[in-house]
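Q: Sharing structure.cif below, mmCIF, C-alpha atoms:
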data_model
#
loop_
_atom_site.label_atom_id
_atom_site.label_comp_id
_atom_site.auth_asym_id
_atom_site.auth_seq_id
_atom_site.Cartn_x
_atom_site.Cartn_y
_atom_site.Cartn_z
CA MET A 1 -59.46 -209.45 40.93
CA SER A 2 -59.41 -213.21 40.48
CA ARG A 3 -60.19 -215.51 43.35
CA TYR A 4 -57.08 -216.72 45.23
CA THR A 5 -56.20 -220.36 44.62
CA PRO A 6 -53.51 -221.85 46.84
CA PRO A 7 -50.80 -223.87 45.11
CA GLU A 8 -51.35 -227.62 44.98
CA GLN A 9 -48.66 -230.19 45.71
CA ASN A 10 -48.55 -233.70 44.27
CA LYS A 11 -48.13 -236.86 46.37
CA ALA A 12 -44.41 -237.23 45.58
CA GLY A 13 -43.80 -233.69 46.83
CA GLN A 14 -45.74 -234.40 50.02
CA ILE A 15 -43.76 -237.58 50.68
CA PHE A 16 -40.51 -235.72 50.01
CA ASP A 17 -41.57 -233.00 52.48
CA ILE A 18 -42.36 -235.62 55.13
CA VAL A 19 -38.97 -237.30 54.67
CA VAL A 20 -37.16 -233.94 54.88
CA VAL A 21 -39.02 -232.99 58.09
CA VAL A 22 -38.35 -236.38 59.74
CA VAL A 23 -34.65 -236.23 58.82
CA ALA A 24 -34.42 -232.62 60.05
CA ILE A 25 -36.00 -233.56 63.38
CA PHE A 26 -33.69 -236.56 63.77
CA VAL A 27 -30.59 -234.49 62.97
CA ALA A 28 -31.72 -231.67 65.28
CA LEU A 29 -32.08 -234.10 68.17
CA TRP A 30 -29.09 -236.35 67.39
CA LEU A 31 -26.43 -233.85 66.31
CA PRO A 32 -26.14 -232.00 69.66
CA LEU A 33 -25.70 -235.34 71.43
CA LYS A 34 -23.06 -236.46 68.92
CA MET A 35 -21.19 -233.15 69.25
CA GLY A 36 -21.27 -233.36 73.05
CA LEU A 37 -23.45 -230.25 73.42
CA ALA A 38 -26.25 -232.03 75.30
CA GLY A 39 -26.86 -235.08 77.41
CA ALA A 40 -25.59 -236.24 80.75
CA ALA A 41 -23.24 -234.19 82.87
CA LYS A 42 -19.61 -234.37 81.88
CA SER A 43 -18.16 -234.54 85.38
CA ILE A 44 -18.85 -236.01 88.77
CA ASP A 45 -18.54 -233.89 91.90
CA ALA A 46 -16.23 -236.12 93.93
CA LEU A 47 -16.45 -236.31 97.72
CA ASP A 48 -13.70 -237.48 100.06
CA ALA A 49 -16.02 -239.02 102.65
CA LYS A 50 -18.40 -241.38 100.90
CA THR A 51 -21.18 -241.66 103.47
CA TRP A 52 -24.92 -241.27 103.07
CA GLU A 53 -24.80 -238.02 105.04
CA ALA A 54 -21.99 -236.60 102.87
CA LEU A 55 -24.04 -237.53 99.80
CA GLY A 56 -27.00 -235.59 101.18
CA GLN A 57 -29.17 -238.64 101.71
CA ASN A 58 -31.47 -238.92 104.71
CA PRO A 59 -32.09 -242.30 106.44
CA THR A 60 -35.18 -243.02 104.31
CA MET A 61 -33.28 -242.35 101.09
CA ALA A 62 -30.32 -244.40 102.29
CA SER A 63 -32.58 -247.36 103.09
CA ILE A 64 -34.05 -247.24 99.58
CA TRP A 65 -30.57 -247.12 98.04
CA GLU A 66 -29.60 -250.13 100.15
CA LYS A 67 -32.75 -252.02 99.08
CA LEU A 68 -31.64 -251.43 95.51
CA GLY A 69 -28.26 -252.97 96.34
CA TYR A 70 -26.17 -249.80 96.54
CA THR A 71 -23.65 -248.75 99.14
CA PRO A 72 -22.44 -245.17 99.61
CA GLU A 73 -19.38 -246.02 97.50
CA THR A 74 -21.37 -247.47 94.58
CA ALA A 75 -24.11 -244.82 94.73
CA HIS A 76 -21.57 -241.97 94.88
CA ASP A 77 -21.14 -241.64 91.10
CA ILE A 78 -24.89 -241.75 90.48
CA ILE A 79 -25.80 -239.17 93.11
CA GLN A 80 -22.91 -236.80 92.38
CA ASN A 81 -23.39 -236.89 88.60
CA ARG A 82 -24.79 -233.34 88.32
CA PHE A 83 -25.81 -231.22 85.39
CA HIS A 84 -23.54 -228.23 85.08
CA TYR A 85 -25.33 -225.44 83.26
CA VAL A 86 -22.93 -223.11 81.53
CA ILE A 87 -24.20 -220.54 79.03
CA ASP A 88 -21.99 -220.08 75.99
CA TRP A 89 -22.87 -216.47 75.14
CA PRO A 90 -21.46 -216.34 71.57
CA THR A 91 -23.36 -219.51 70.64
CA LEU A 92 -26.54 -218.20 72.26
CA ILE A 93 -26.26 -214.90 70.35
CA ILE A 94 -25.62 -216.73 67.06
CA MET A 95 -28.62 -218.98 67.67
CA ALA A 96 -30.85 -215.97 68.45
CA ALA A 97 -29.64 -214.19 65.29
CA VAL A 98 -30.35 -217.28 63.16
CA LEU A 99 -33.85 -217.64 64.61
CA ILE A 100 -34.65 -213.95 64.14
CA GLY A 101 -33.27 -214.09 60.59
CA TYR A 102 -35.40 -217.15 59.86
CA PHE A 103 -38.58 -215.44 61.04
CA VAL A 104 -37.78 -212.27 59.08
CA PHE A 105 -37.24 -214.40 55.97
CA LEU A 106 -40.42 -216.39 56.65
CA PHE A 107 -42.62 -213.30 56.94
CA ARG A 108 -41.06 -211.51 53.97
CA ALA A 109 -41.27 -214.58 51.74
CA SER A 110 -44.93 -215.18 52.53
CA ASP A 111 -45.95 -211.50 52.55
CA ARG A 112 -47.19 -211.58 48.94
CA GLU A 113 -49.46 -214.58 49.54
CA TYR A 114 -50.84 -213.05 52.75
CA ARG A 115 -51.65 -209.83 50.88
CA ASP A 116 -53.39 -211.78 48.08
CA VAL A 117 -55.61 -213.61 50.56
CA ILE A 118 -56.42 -210.40 52.49
CA ASN A 119 -57.27 -208.55 49.26
CA GLU A 120 -59.50 -211.41 48.14
CA LYS A 121 -61.41 -211.53 51.42
CA PHE A 122 -61.63 -207.81 52.27
CA ASP A 123 -61.19 -205.96 48.96
CA ASP A 124 -64.82 -204.97 48.66
CA LYS A 125 -65.14 -203.73 52.27
#
Would you put the structure from the file into structure tokens?
A:
Amino acid sequence: MSRYTPPEQNKAGQIFDIVVVVVAIFVALWLPLKMGLAGAAKSIDALDAKTWEALGQNPTMASIWEKLGYTPETAHDIIQNRFHYVIDWPTLIIMAAVLIGYFVFLFRASDREYRDVINEKFDDK
């Protein structure tokens, strides 16, 4: 059996690969924000009584807020801006199926090369 030689890639192919990976990373991070699937909370938990106690702030926290120039009314929107975690089950299942499909494809597509390398290294043993 001939010795395994991995395929070589020219410089233009390497640069193209780098550009594709950078664009893919940018799109993967930017697209969920643009579609409104990630980022800051979408709603503010409003309170009727806007006091430091109602906002859950102790005297030390309240004094720091006041040093920063906030009152209970102006700090209300910042403090009450909560993340609301809601799991969208169909989307989660689709994402899991895509990831599992990707890994199945990855291992099947590279199976031949893995077998060639293993045969080269361990064929005589």
Q: So what does the PyMOL selection byres ((chain A and resi 64-74) around 6) actually pick up in this one, as number ranges by chain?
A: A: 50-52, 61-63, 75-76
Q: Please produce an output containing C-alpha atoms for each residue in the selection, written as a PDB file, in the frame of the given file.
A:
ATOM      1  CA  LYS A  50     -18.400-241.380 100.900  1.00  0.00           C
ATOM      2  CA  THR A  51     -21.180-241.660 103.470  1.00  0.00           C
ATOM      3  CA  TRP A  52     -24.920-241.270 103.070  1.00  0.00           C
ATOM      4  CA  MET A  61     -33.280-242.350 101.090  1.00  0.00           C
ATOM      5  CA  ALA A  62     -30.320-244.400 102.290  1.00  0.00           C
ATOM      6  CA  SER A  63     -32.580-247.360 103.090  1.00  0.00           C
ATOM      7  CA  ALA A  75     -24.110-244.820  94.730  1.00  0.00           C
ATOM      8  CA  HIS A  76     -21.570-241.970  94.880  1.00  0.00           C
TER       9      HIS A  76
END
Q: Sorted by chain and rising residue number, list the residues of segment 4-80 of chain A at most 10 Å from segment 100-124 of chain A (counting all atoms listed in the file), each with its closest atom pair and distance in Å to one decimal, as a tab-separated table.
A:
residue	atom	partner	partner_atom	distance
A:Tyr4	CA	A:Val117	CA	6.3
A:Thr5	CA	A:Val117	CA	9.0
A:Pro6	CA	A:Glu113	CA	8.7
Q: So the first atom is atom CA of Ala54 of chain A and the second is atom CA of Asp77 of chain A; what is the distance between them in Å, to one decimal place?
A: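 Pair atom CA of Ala54 of chain A / atom CA of Asp77 of chain A returns 12.8 Å.
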Q: Rounded to one decimal in Å, what is the spacing between atom CA of Asn10 of chain A and atom CA of Phe26 of chain A?
A: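 So the answer is 24.7 Å.
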